[in-house]
Protein chains: 2
Amino acid sequence: MLTSSSYTPPLRELRFVLDELLGIDESLKALSLPSPVSREDIDKVMRDLAGFAEKVLAPLNAIGDREGCVWRDGEVSTPAGYKAAYDIFRRRGWAGLGAAIEHGGRALPTVLTNLVTELIGSANHSWLMYHSISRGGYECIRANGTPQQQAAYLPQLGSGAWTSSMCITEQEAGTDVGLLRTQAVAQRDGSYRLRGLKRMVTAAEHDMADNIVHLVLARIEGARPGAQGLSLFIVPKRLPGTRERNAVRCEGLEDKMGIRGTPTCWLRLDGAWGELLNTEGNGLAAMFVMMNIARLATGMQGVNQSEVAYQMARDHAATRLQGRRAGKDKDKSHAPAQPADPLIVHADVRRMLLTQKAWTEGSRALAYWLALQVDRSNAHPDPQLRREASDLVSLLTPMLKAFATDNGYASTTLAQQVMGGWGYLDGSGVHQYIRDVRVGQIYEGANGIQGQDLLGRKVLGDGGNRLRKFLDMVLGALARHEASAVLQPWIAQTRTLCARLEALTQRLIDRVASQPDQVGASGHSYLRVLGVLALAWLWIEMASIAQRKIDAGQSDAFESAKVTTARFYFAHLFPEVEHHLLVADQLSDAVMALAADLF
Amino acid sequence: MLTSSSYTPPLRELRFVLDELLGIDESLKALSLPSPVSREDIDKVMRDLAGFAEKVLAPLNAIGDREGCVWRDGEVSTPAGYKAAYDIFRRRGWAGLGAAIEHGGRALPTVLTNLVTELIGSANHSWLMYHSISRGGYECIRANGTPQQQAAYLPQLGSGAWTSSMCITEQEAGTDVGLLRTQAVAQRDGSYRLRGLKRMVTAAEHDMADNIVHLVLARIEGARPGAQGLSLFIVPKRLPGTRERNAVRCEGLEDKMGIRGTPTCWLRLDGAWGELLNTEGNGLAAMFVMMNIARLATGMQGVNQSEVAYQMARDHAATRLQGRRAGKDKDKSHAPAQPADPLIVHADVRRMLLTQKAWTEGSRALAYWLALQVDRSNAHPDPQLRREASDLVSLLTPMLKAFATDNGYASTTLAQQVMGGWGYLDGSGVHQYIRDVRVGQIYEGANGIQGQDLLGRKVLGDGGNRLRKFLDMVLGALARHEASAVLQPWIAQTRTLCARLEALTQRLIDRVASQPDQVGASGHSYLRVLGVLALAWLWIEMASIAQRKIDAGQSDAFESAKVTTARFYFAHLFPEVEHHLLVADQLSDAVMALAADLF
């Protein structure tokens with residue numbers, strides 16, 4: 001029963017989302033993209049990445065977990081096979097799928113670079129990290145850099161020849177960056193010298209690329225305390241031009257619960273040369289440019305780990321014999337010639353698998369749809385539509401990040417539960433997914449912070465306007481599908497939920513002025529409600545597409561599975577909102593009343 | 001921020017549960033115990049175990065995780081310090097706290113041996129396992145053995161000189177023991193020779209005790225297939241009397257997600273000598289004698305890991321500075337002289353901590369109360385009361401096992417979430433608790449099986465009678481507290497839930513005859529509802545005790561914390577039933593409709 005880690009890219013599912021749900025061809029044609037994307041381009045990218053993920057990266061996943069990265073005297077060796085895989089990735093031009101044409105990239109829109117996060121991330125979360133962080137660094141310099149800085153760094157980052165790191169956290173400052181102490185001292189030539197010790201820096205040292213471009217949040221000598229005093233610096237490992245080593249050194253690696261194939265570094269800046277990115281005191285703003293992309297990618301990690309763990313549990317349940325189905329029916333799922341039925345006949349096992357399936361497919365649909373809104377917000381010719389898309393991105397990104405990673409953790413845990421004792425053993429490969437996906441709930445803003453960002457800033461911050469626009473969009477979609485008898489009960493459930501969420505929001509708006517703790521007290525549950533609602537809408541959209549084909553006699557098993565999974569979603573997962581609508585509505589005093597020393 | 005693993009035994013809390021909630025002195029006096037237990041006995045046992053757990057075992061917890069057990073040529077070395085700790089445990093007579101006086105034990109009732117599971121388990125889950133398994137072996141031989149067998153094994157097991165193992169699982173047979181293939185061949189002298197390969201055997205080989213008594217489930221040559229053909233055998237590592245090695249050998253250890261200080265063994269029986277325990281074909285019945293105790297202990301593992309992880313998160317939140325409390329109030333929780341407030345001021349952090357606290361204290365109360373019912377069912381002089389207690393044990397034990405371990409996993413995960421990125425690092429010590437507690441959801445009957453046992457066998461199996469008796473008991477308790485204005489709203493919530501659960505149960509009774517899959521489809525959610533209800537009742541009991549002291553002016557902070565935590569329970573955790581009442585009521589078709597090959 002030892003199952004080695006394996007992964008089958010869900011291509012049919014991805015085509016369904018891109019083609020049938022998002023109408024990707026038409027959707028992209030409506031945008032002013034730097035380079036047109038053809039149907040064939042999309043297919044080729046998808047097939048290429050799928051093959052690379054399945055054949056090259058998936059087999060390295062367990063190796064990375066077992067070996068980890070090895071630090072020696074400031075240098076870091078990556079696990080066996082990682083560098084060779086990176087060389088292929090770079091040579092094939094995949095590192096630059098999202099980079100600008102002028103930097104040697106392919107300028108693909110976010111909805112398509114999302115395929116990298118999904119396919120590569122399912123195969124090997126740790127390996128993906130090196131690239132994801134570099135994508136962030138690329139976008140940050142592109143958005144904030146001078147022409148000289150862009151010319152010096154972007155072609156190298158765009159091609160994947162160099163990678164990047166984001167140096168934020170210090171010993172005493174994590175979420176609260178206002179406490180950061182790393183200092184930058186201005187030099188006569190306009191450059192800076194930086195001193196400090198950064199921690200928790202992903203991929204700040206490794207052997208896969210020629211150079212590593214550190215983006216470092218620091219305080220210029222004399223700057224004000226707090227977050228407003230922070231500036232962002234480019235601090236390359238090797239100085240551009242000279243290739244000399246900069247005074248920056250990896251002092252060690254963290255041992256950690258998961259993503260063990262990614263080095264999490266202590267980085268010492270010891271009078272390191274750096275150049276200011278954007279302007280003094282604008283460090284946070286410069287960095288936040290890439291925050292939506294990073295959170296979307298993190299949400300996708302919840303989806304991609306959930307997908308691969310689901311595949312493993314499903315295959316186990318189909319083959320592992322255990323017990324007989326309840327009752328006496330000679331159902332076709334029975335295996336009367338075998339000493340027992342496969343696990344998949346049992347209702348409780350199906351409950352666990354369907355939970356994973358419904359969450360994974362629903363959250364995937366949401367993530368690609370949201371990625372398309374990112375592209376619309378950047379590249380739609382109509383400024384009104386750009387603004388509307390931008391509002392949706394801003395509202396739903398924190399929700400996706402937290403909702404999909406929370407569900408990813410629950411889903412990988414359910415996969416292990418389906419596998420029972422075998423799943424608890426290293427040889428099964430499944431607990432790596434739990435340990436790897438767990439970090440997604442913590443990094444890029446812990447999920448509690450996402451709940452507060454959503455409720456405090458995105459919903460209450462504009463008096464509920466963005467939320468109402470989203471609800472209007474959902475209600476409009478529901479109205480279009482109302483004729484379908486199959487969908488009707490789910491539409492009714494979802495419509496009622498829209499009204500309840502709007503009423504809850506109004507109550508919270510009224511309450512928050514006198515109860516500022518209410519945002520923190522309600523944020524988590526509010527986020528869960530919005531997540532379940534968004535997936536309800538998308539399950540209706542997906543089931544509607546499938547049901548139309550069924551009604552037209554053009555369906556196969558895929559469509560039938562979609563409608564049946566939607567039904568499960570509304571029966572078993574949707575009711576979660578009953579819990580969280582009540583909790584989000586509780587006065588904040590329920591959590592604030594206990595004196596701090598009585599915990 | 002590297003916090004080493006540490007543990008402070010919650011003695012005040014334990015005294016509250018034993019003395020104030022259970023009235024332990026009076027409760028035990030009402031029983032016909034083999035040996036009276038005085039107030040001083042209880043205090044001494046609690047203090048002794050607490051000191052040993054805190055000072056000796058807690059410091060070994062991280063070591064056990066890091067080093068694991070080492071197999072070499074059939075022998076297993078335990079982690080540094082484990083054996084020395086076991087020698088102390090044995091010498092002090094703690095291995096025999098639950099064993100009969102005639103076997104050198106102290107004959108303490110279950111409600112008190114539960115202290116071992118709590119205190120030692122919080123300090124070191126892996127280390128506890130060696131003892132827990134041996135306790136099970138002792139009870140199994142005591143219930144099923146001939147006088148000769150009892151004389152040969154029980155004094156050694158009772159004193160802890162020998163340990164025991166339970167050999168059940170094989171490669172192709174886990175939950176479904178009917179598929180077991182290990183064979184026993186009768187010898188002329190009445191003994192048996194056993195052949196087979198057992199897997200997943202906890203502590204089947206180690207260096208802590210002189211001898212290991214394996215209890216092996218096997219099929220006597222010619223016996224019928226399936227579970228009814230199984231018999232149970234005593235197969236000692238060294239033959240009693242001669243001390244010769246038996247033909248049983250540990251062939252290797254499993255590497256696993258957690259409890260890495262406990263060896264999980266492959267055990268080869270190669271014509272091993274064994275003696276039949278109980279009679280032929282009664283293997284399962286003989287083994288199930290100890291099932292309630294084992295499940296109660298597993299439930300306690302959920303509680304004890306939750307407790308220690310909570311302590312770690314709470315201490316982190318009290319000291320780690322991050323952000324300012326929402327709003328402008330100069331609350332006393334603020335630390336204006338510091339650069340930021342401690343985490344504990346934030347509503348979302350408090351939500352996470354209070355969730356852990358309310359679950360831990362509520363489940364602890366349930367576990368000790370249930371342990372007392374075990375004692376009542378064994379030792380109350382009134383047979384009617386014994387039967388009633390036995391019904392409660394039978395109904396609530398599967399619930400406690402699954403509910404407390406599911407909550408334990410969620411709670412340890414929340415502890416890590418409170419600690420953020422630091423919690424993801426090995427140095428924090430917190431993720432060991434997640435990995436260790438996880439096994440409790442899987443072993444001793446996976447939690448899905450508990451849901452089916454509860455709903456199918458314990459509730460529907462007797463037409464809902466046991467459930468109604470429990471609800472009557474709860475309703476009676478609620479009526480007694482009704483005068484309290486503080487408790488009144490919680491009593492109303494709980495009373496309504498009793499009625500809803502009874503109505504749901506009736507619908508499921510009506511449906512299950514035609515829908516046998518309904519048990520599996522509804523079991524998990526049904527169990528959650530019953531768990532939340534049981535804790536609601538106990539939170540009302542606990543809050544009532546505290547409130548009476550507050551009203552009488554005899555309270556300190558402890559009582560105030562109890563009432564405030566109860567309030568949080570009813571505001572944030574109780575509403576979970578709204579989700580699960582709906583799900584448990586869904587037709588099983590929602591999970592059965594998807595064809596097996598469409599997953």
# chains A, B, ... in the order shown; residues from 1 in each chain; ligands from 1

$ interface_residues --of "chain B" --to "chain A" --cutoff "7 Å" --atoms "only C-alpha atoms" --output "mmCIF file with N, CA, C and O atoms, in the first residue's frame"
data_model
loop_
_atom_site.group_PDB
_atom_site.id
_atom_site.type_symbol
_atom_site.label_atom_id
_atom_site.label_comp_id
_atom_site.auth_asym_id
_atom_site.auth_seq_id
_atom_site.Cartn_x
_atom_site.Cartn_y
_atom_site.Cartn_z
ATOM 1 N N ASP B 176 -10.793 -3.423 8.395
ATOM 2 C CA ASP B 176 -11.544 -4.640 8.091
ATOM 3 C C ASP B 176 -10.734 -5.861 8.523
ATOM 4 O O ASP B 176 -10.062 -6.505 7.719
ATOM 5 N N GLU B 254 8.248 1.655 10.889
ATOM 6 C CA GLU B 254 7.668 2.620 9.954
ATOM 7 C C GLU B 254 8.208 4.016 10.260
ATOM 8 O O GLU B 254 8.279 4.406 11.416
ATOM 9 N N ASP B 255 8.544 4.759 9.217
ATOM 10 C CA ASP B 255 8.768 6.200 9.388
ATOM 11 C C ASP B 255 7.424 6.869 9.244
ATOM 12 O O ASP B 255 6.660 6.561 8.332
ATOM 13 N N LYS B 256 7.140 7.813 10.134
ATOM 14 C CA LYS B 256 5.781 8.348 10.100
ATOM 15 C C LYS B 256 5.707 9.829 10.449
ATOM 16 O O LYS B 256 6.672 10.430 10.901
ATOM 17 N N MET B 257 4.519 10.373 10.257
ATOM 18 C CA MET B 257 4.291 11.809 10.406
ATOM 19 C C MET B 257 4.558 12.294 11.828
ATOM 20 O O MET B 257 5.080 13.390 12.034
ATOM 21 N N ARG B 314 -0.683 30.564 23.948
ATOM 22 C CA ARG B 314 -1.059 31.619 24.904
ATOM 23 C C ARG B 314 0.180 32.384 25.371
ATOM 24 O O ARG B 314 0.191 33.617 25.401
ATOM 25 N N GLN B 322 3.073 42.818 18.452
ATOM 26 C CA GLN B 322 2.689 42.936 17.050
ATOM 27 C C GLN B 322 1.441 43.786 16.883
ATOM 28 O O GLN B 322 0.356 43.386 17.294
ATOM 29 N N GLY B 323 1.594 44.932 16.233
ATOM 30 C CA GLY B 323 0.450 45.786 15.940
ATOM 31 C C GLY B 323 -0.141 46.429 17.181
ATOM 32 O O GLY B 323 0.301 46.204 18.313
ATOM 33 N N ALA B 326 -7.159 47.325 17.780
ATOM 34 C CA ALA B 326 -8.040 48.145 16.957
ATOM 35 C C ALA B 326 -8.649 49.257 17.803
ATOM 36 O O ALA B 326 -8.910 49.076 18.989
ATOM 37 N N GLY B 327 -8.884 50.407 17.170
ATOM 38 C CA GLY B 327 -9.539 51.500 17.871
ATOM 39 C C GLY B 327 -8.573 52.309 18.710
ATOM 40 O O GLY B 327 -7.369 52.068 18.713
ATOM 41 N N SER B 333 -4.902 46.323 28.212
ATOM 42 C CA SER B 333 -4.104 45.367 27.448
ATOM 43 C C SER B 333 -3.063 46.061 26.586
ATOM 44 O O SER B 333 -2.138 45.450 26.100
ATOM 45 N N ILE B 344 -2.055 39.228 22.117
ATOM 46 C CA ILE B 344 -3.297 38.856 22.804
ATOM 47 C C ILE B 344 -4.357 39.965 22.774
ATOM 48 O O ILE B 344 -5.526 39.711 23.066
ATOM 49 N N HIS B 346 -5.461 41.307 20.110
ATOM 50 C CA HIS B 346 -6.192 41.262 18.843
ATOM 51 C C HIS B 346 -7.350 40.269 18.891
ATOM 52 O O HIS B 346 -7.193 39.126 19.302
ATOM 53 N N ALA B 347 -8.500 40.737 18.435
ATOM 54 C CA ALA B 347 -9.720 39.928 18.544
ATOM 55 C C ALA B 347 -9.568 38.576 17.846
ATOM 56 O O ALA B 347 -10.014 37.550 18.367
ATOM 57 N N ASP B 348 -8.914 38.550 16.694
ATOM 58 C CA ASP B 348 -8.820 37.291 15.961
ATOM 59 C C ASP B 348 -7.891 36.302 16.667
ATOM 60 O O ASP B 348 -8.124 35.090 16.640
ATOM 61 N N ARG B 350 -7.480 36.223 19.920
ATOM 62 C CA ARG B 350 -8.304 35.768 21.044
ATOM 63 C C ARG B 350 -9.329 34.729 20.599
ATOM 64 O O ARG B 350 -9.592 33.761 21.321
ATOM 65 N N ARG B 351 -9.912 34.941 19.445
ATOM 66 C CA ARG B 351 -10.854 33.958 18.905
ATOM 67 C C ARG B 351 -10.185 32.587 18.815
ATOM 68 O O ARG B 351 -10.761 31.558 19.220
ATOM 69 N N GLN B 417 -1.135 28.584 14.260
ATOM 70 C CA GLN B 417 -1.567 29.776 13.525
ATOM 71 C C GLN B 417 -1.323 31.029 14.368
ATOM 72 O O GLN B 417 -0.895 32.052 13.842
ATOM 73 N N GLY B 420 2.144 31.986 14.022
ATOM 74 C CA GLY B 420 2.545 32.454 12.706
ATOM 75 C C GLY B 420 3.742 31.699 12.162
ATOM 76 O O GLY B 420 3.919 30.505 12.419
ATOM 77 N N GLY B 421 4.586 32.399 11.418
ATOM 78 C CA GLY B 421 5.742 31.767 10.777
ATOM 79 C C GLY B 421 6.628 31.022 11.759
ATOM 80 O O GLY B 421 7.169 29.963 11.449
ATOM 81 N N TYR B 424 5.773 27.542 12.329
ATOM 82 C CA TYR B 424 6.045 26.615 11.226
ATOM 83 C C TYR B 424 7.450 26.024 11.335
ATOM 84 O O TYR B 424 7.768 25.030 10.694
ATOM 85 N N LEU B 425 8.296 26.657 12.153
ATOM 86 C CA LEU B 425 9.677 26.189 12.293
ATOM 87 C C LEU B 425 9.763 25.071 13.339
ATOM 88 O O LEU B 425 9.025 25.067 14.323
ATOM 89 N N ASP B 426 10.708 24.177 13.122
ATOM 90 C CA ASP B 426 10.903 23.080 14.071
ATOM 91 C C ASP B 426 11.179 23.604 15.481
ATOM 92 O O ASP B 426 10.713 23.037 16.464
ATOM 93 N N HIS B 431 4.651 22.306 15.970
ATOM 94 C CA HIS B 431 4.068 21.429 14.940
ATOM 95 C C HIS B 431 4.187 19.952 15.293
ATOM 96 O O HIS B 431 3.465 19.123 14.753
ATOM 97 N N ILE B 442 -6.965 8.673 13.595
ATOM 98 C CA ILE B 442 -6.821 7.526 12.694
ATOM 99 C C ILE B 442 -6.866 6.203 13.447
ATOM 100 O O ILE B 442 -7.565 5.282 13.056
ATOM 101 N N TYR B 443 -6.098 6.098 14.540
ATOM 102 C CA TYR B 443 -6.029 4.773 15.182
ATOM 103 C C TYR B 443 -7.171 4.539 16.172
ATOM 104 O O TYR B 443 -7.997 5.401 16.374
ATOM 105 N N ALA B 446 -10.752 4.606 12.986
ATOM 106 C CA ALA B 446 -10.728 5.944 12.389
ATOM 107 C C ALA B 446 -12.019 6.683 12.744
ATOM 108 O O ALA B 446 -13.050 6.063 12.997
ATOM 109 N N GLY B 448 -14.246 8.236 11.196
ATOM 110 C CA GLY B 448 -15.441 7.920 10.408
ATOM 111 C C GLY B 448 -16.141 6.681 10.947
ATOM 112 O O GLY B 448 -17.380 6.591 10.963
ATOM 113 N N PRO B 516 -29.777 2.162 3.758
ATOM 114 C CA PRO B 516 -28.723 1.728 4.687
ATOM 115 C C PRO B 516 -27.452 2.594 4.633
ATOM 116 O O PRO B 516 -26.705 2.644 5.602
ATOM 117 N N ASP B 517 -27.220 3.295 3.514
ATOM 118 C CA ASP B 517 -26.047 4.174 3.428
ATOM 119 C C ASP B 517 -26.183 5.420 4.307
ATOM 120 O O ASP B 517 -25.232 6.180 4.466
ATOM 121 N N GLY B 520 -23.642 5.954 7.188
ATOM 122 C CA GLY B 520 -22.329 6.463 6.785
ATOM 123 C C GLY B 520 -22.397 7.899 6.314
ATOM 124 O O GLY B 520 -21.483 8.695 6.549
ATOM 125 N N ALA B 521 -23.494 8.260 5.660
ATOM 126 C CA ALA B 521 -23.610 9.617 5.122
ATOM 127 C C ALA B 521 -23.820 10.640 6.234
ATOM 128 O O ALA B 521 -23.372 11.779 6.129
ATOM 129 N N ALA B 557 -10.257 34.909 40.009
ATOM 130 C CA ALA B 557 -10.205 35.046 38.547
ATOM 131 C C ALA B 557 -10.603 33.757 37.838
ATOM 132 O O ALA B 557 -11.183 33.785 36.749
ATOM 133 N N ALA B 561 -13.097 33.477 34.641
ATOM 134 C CA ALA B 561 -12.656 32.941 33.346
ATOM 135 C C ALA B 561 -13.589 31.830 32.876
ATOM 136 O O ALA B 561 -13.895 31.712 31.684
ATOM 137 N N THR B 564 -16.775 33.402 31.467
ATOM 138 C CA THR B 564 -16.501 34.107 30.213
ATOM 139 C C THR B 564 -16.193 33.128 29.084
ATOM 140 O O THR B 564 -16.568 33.360 27.936
ATOM 141 N N ARG B 567 -19.393 31.662 27.886
ATOM 142 C CA ARG B 567 -20.076 32.622 27.013
ATOM 143 C C ARG B 567 -19.513 32.545 25.588
ATOM 144 O O ARG B 567 -20.258 32.555 24.605
ATOM 145 N N PHE B 568 -18.198 32.478 25.472
ATOM 146 C CA PHE B 568 -17.586 32.323 24.151
ATOM 147 C C PHE B 568 -18.055 31.028 23.488
ATOM 148 O O PHE B 568 -18.370 30.992 22.298
ATOM 149 N N ALA B 571 -21.423 31.498 22.049
ATOM 150 C CA ALA B 571 -21.452 32.480 20.961
ATOM 151 C C ALA B 571 -20.765 31.960 19.695
ATOM 152 O O ALA B 571 -21.260 32.137 18.585
ATOM 153 N N HIS B 572 -19.626 31.311 19.840
ATOM 154 C CA HIS B 572 -18.812 30.981 18.665
ATOM 155 C C HIS B 572 -18.791 29.511 18.281
ATOM 156 O O HIS B 572 -18.668 29.192 17.102
ATOM 157 N N PRO B 575 -22.795 27.384 17.586
ATOM 158 C CA PRO B 575 -23.485 27.504 16.293
ATOM 159 C C PRO B 575 -23.036 26.503 15.225
ATOM 160 O O PRO B 575 -23.672 26.380 14.190
ATOM 161 N N GLU B 576 -21.945 25.788 15.475
ATOM 162 C CA GLU B 576 -21.545 24.752 14.522
ATOM 163 C C GLU B 576 -22.687 23.764 14.265
ATOM 164 O O GLU B 576 -22.786 23.179 13.189
ATOM 165 N N GLU B 578 -25.665 24.258 13.655
ATOM 166 C CA GLU B 578 -26.561 24.659 12.561
ATOM 167 C C GLU B 578 -26.100 24.046 11.245
ATOM 168 O O GLU B 578 -26.903 23.677 10.390
ATOM 169 N N HIS B 579 -24.800 23.982 11.066
ATOM 170 C CA HIS B 579 -24.238 23.332 9.880
ATOM 171 C C HIS B 579 -24.558 21.833 9.899
ATOM 172 O O HIS B 579 -25.123 21.292 8.952
ATOM 173 N N LEU B 582 -28.158 20.306 9.549
ATOM 174 C CA LEU B 582 -28.605 20.266 8.154
ATOM 175 C C LEU B 582 -27.960 19.117 7.388
ATOM 176 O O LEU B 582 -28.617 18.417 6.624
ATOM 177 N N VAL B 583 -26.661 18.950 7.573
ATOM 178 C CA VAL B 583 -25.949 17.928 6.792
ATOM 179 C C VAL B 583 -26.390 16.525 7.191
ATOM 180 O O VAL B 583 -26.622 15.666 6.332
ATOM 181 N N GLN B 586 -29.422 15.303 5.360
ATOM 182 C CA GLN B 586 -29.447 15.142 3.893
ATOM 183 C C GLN B 586 -29.626 13.675 3.530
ATOM 184 O O GLN B 586 -29.058 12.795 4.172
ATOM 185 N N ALA B 590 -27.036 12.104 -1.729
ATOM 186 C CA ALA B 590 -26.106 13.208 -2.013
ATOM 187 C C ALA B 590 -24.652 12.733 -2.051
ATOM 188 O O ALA B 590 -23.834 13.303 -2.763
ATOM 189 N N VAL B 591 -24.332 11.701 -1.291
ATOM 190 C CA VAL B 591 -22.964 11.168 -1.367
ATOM 191 C C VAL B 591 -22.863 9.895 -2.212
ATOM 192 O O VAL B 591 -21.784 9.543 -2.680
ATOM 193 N N MET B 592 -23.988 9.191 -2.392
ATOM 194 C CA MET B 592 -23.925 7.914 -3.113
ATOM 195 C C MET B 592 -24.131 8.071 -4.619
ATOM 196 O O MET B 592 -23.821 7.157 -5.390
ATOM 197 N N ALA B 593 -24.657 9.214 -5.057
ATOM 198 C CA ALA B 593 -25.082 9.323 -6.458
ATOM 199 C C ALA B 593 -23.926 9.289 -7.456
ATOM 200 O O ALA B 593 -24.084 8.808 -8.576
ATOM 201 N N LEU B 594 -22.776 9.785 -7.082
ATOM 202 C CA LEU B 594 -21.685 9.853 -8.058
ATOM 203 C C LEU B 594 -21.121 8.454 -8.300
ATOM 204 O O LEU B 594 -20.695 7.776 -7.363
ATOM 205 N N ALA B 596 -18.689 5.454 -9.017
ATOM 206 C CA ALA B 596 -17.344 5.291 -8.449
ATOM 207 C C ALA B 596 -16.258 5.703 -9.434
ATOM 208 O O ALA B 596 -15.218 6.247 -9.036
ATOM 209 N N LEU B 598 -16.357 8.076 -11.541
ATOM 210 C CA LEU B 598 -16.378 9.507 -11.863
ATOM 211 C C LEU B 598 -15.715 10.359 -10.786
ATOM 212 O O LEU B 598 -15.711 11.591 -10.883
ATOM 213 N N PHE B 599 -15.182 9.737 -9.772
ATOM 214 C CA PHE B 599 -14.462 10.516 -8.760
ATOM 215 C C PHE B 599 -13.164 11.024 -9.363
ATOM 216 O O PHE B 599 -12.681 10.492 -10.353
#

$ residues_around --residues "Leu372 in chain A" --least-positions-apart "5" --cutoff "12 Å" --atoms "only C-alpha atoms" --output "PyMOL selection string"
chain A and resi 17-18+21-28+30-31+108-114+293+296+365-367+377-380+386+389-390+392-393

$ closest_residue --among "B:Leu454, B:Val459, B:Ile540, B:Val374" --to "Arg495 in chain B" --atoms "only C-alpha atoms"
B:Ile540

$ residues_around --residues "Arg468 in chain B" --least-positions-apart "6" --cutoff "10 Å" --atoms "only C-alpha atoms" --output "PDB file with N, CA and C atoms, in the first residue's frame"
ATOM      1  N   VAL B 459     -27.082   4.546  18.483  1.00  0.00           N
ATOM      2  CA  VAL B 459     -28.330   5.318  18.467  1.00  0.00           C
ATOM      3  C   VAL B 459     -29.432   4.556  17.728  1.00  0.00           C
ATOM      4  N   VAL B 474     -29.628  15.337  30.452  1.00  0.00           N
ATOM      5  CA  VAL B 474     -29.208  16.717  30.174  1.00  0.00           C
ATOM      6  C   VAL B 474     -30.355  17.681  30.490  1.00  0.00           C
ATOM      7  N   CYS B 498     -31.569  19.853  22.135  1.00  0.00           N
ATOM      8  CA  CYS B 498     -32.006  18.505  22.523  1.00  0.00           C
ATOM      9  C   CYS B 498     -33.228  18.088  21.702  1.00  0.00           C
ATOM     10  N   LEU B 501     -32.246  17.462  18.058  1.00  0.00           N
ATOM     11  CA  LEU B 501     -31.497  16.215  17.873  1.00  0.00           C
ATOM     12  C   LEU B 501     -32.433  15.016  17.978  1.00  0.00           C
ATOM     13  N   GLU B 502     -33.384  15.098  18.873  1.00  0.00           N
ATOM     14  CA  GLU B 502     -34.314  13.978  18.989  1.00  0.00           C
ATOM     15  C   GLU B 502     -35.170  13.850  17.724  1.00  0.00           C
ATOM     16  N   THR B 505     -33.079  12.419  15.007  1.00  0.00           N
ATOM     17  CA  THR B 505     -32.872  10.987  15.237  1.00  0.00           C
ATOM     18  C   THR B 505     -34.080  10.190  14.772  1.00  0.00           C
TER      19      THR B 505
END

$ residues_around --residues "Ala50 in chain A" --least-positions-apart "4" --cutoff "9 Å" --atoms "only C-alpha atoms" --output "ChimeraX atom specification"
/A:8-11,45-46,54-55,115-116,119-120

$ residues_around --residues "range 126-143 of chain B" --least-positions-apart "4" --cutoff "7 Å" --atoms "only C-alpha atoms" --output "number ranges by chain"
B: 120-121, 150, 154, 157-158, 163-165, 203, 259-262, 286-287, 289-290

$ residues_around --residues "Gln187 in chain A" --least-positions-apart "2" --cutoff "12 Å" --atoms "only C-alpha atoms" --output "PyMOL selection string"
chain A and resi 184-185+189-194+220-221+271-276

$ atom_distance --atom1 "CA of Gly283 in chain B" --atom2 "CA of Thr319 in chain A"
27.6 Å

$ residues_around --residues "range 233-250 of chain B" --least-positions-apart "6" --cutoff "7 Å" --atoms "only C-alpha atoms" --output "list in words"
Gly74, Glu205, Asn211, Ile212, Val213, His214, Leu215, Val216, Leu217, Cys265, Trp266, Leu267, Arg268, Leu269, Asp270, Gly271, Ala272, Trp273, Gly274, Glu275, Leu276 and Leu277 of chain B

$ atom_distance --atom1 "CA of Arg548 in chain A" --atom2 "CA of Trp369 in chain A"
20.7 Å

$ select_by_dssp --residues "range 25-111 of chain B" --states "strand (DSSP E or B)" --output "PyMOL selection string"
chain B and resi 70-72+75-77

$ atom_distance --atom1 "CA of Glu102 in chain B" --atom2 "CA of Arg295 in chain B"
26.2 Å

$ select_by_dssp --residues "range 391-474 of chain B" --states "alpha helix (DSSP H)" --output "ChimeraX atom specification"
/B:391-424,430-438,447-452,465-474

$ decode --residues "range 22-34 of chain A" --atoms "C-alpha atoms" --output "PDB file, in the first residue's frame"
ATOM      1  CA  LEU A  22     -14.365  31.627 -18.789  1.00  0.00           C
ATOM      2  CA  GLY A  23     -14.685  31.547 -22.596  1.00  0.00           C
ATOM      3  CA  ILE A  24     -10.996  32.286 -22.582  1.00  0.00           C
ATOM      4  CA  ASP A  25     -10.605  33.051 -26.299  1.00  0.00           C
ATOM      5  CA  GLU A  26     -13.255  35.740 -26.350  1.00  0.00           C
ATOM      6  CA  SER A  27     -12.305  37.011 -22.910  1.00  0.00           C
ATOM      7  CA  LEU A  28      -8.695  37.552 -23.918  1.00  0.00           C
ATOM      8  CA  LYS A  29      -9.609  39.047 -27.306  1.00  0.00           C
ATOM      9  CA  ALA A  30     -11.480  41.772 -25.471  1.00  0.00           C
ATOM     10  CA  LEU A  31      -8.262  42.845 -23.721  1.00  0.00           C
ATOM     11  CA  SER A  32      -5.408  44.987 -25.011  1.00  0.00           C
ATOM     12  CA  LEU A  33      -2.688  42.450 -24.404  1.00  0.00           C
ATOM     13  CA  PRO A  34       0.927  43.167 -25.389  1.00  0.00           C
TER      14      PRO A  34
END
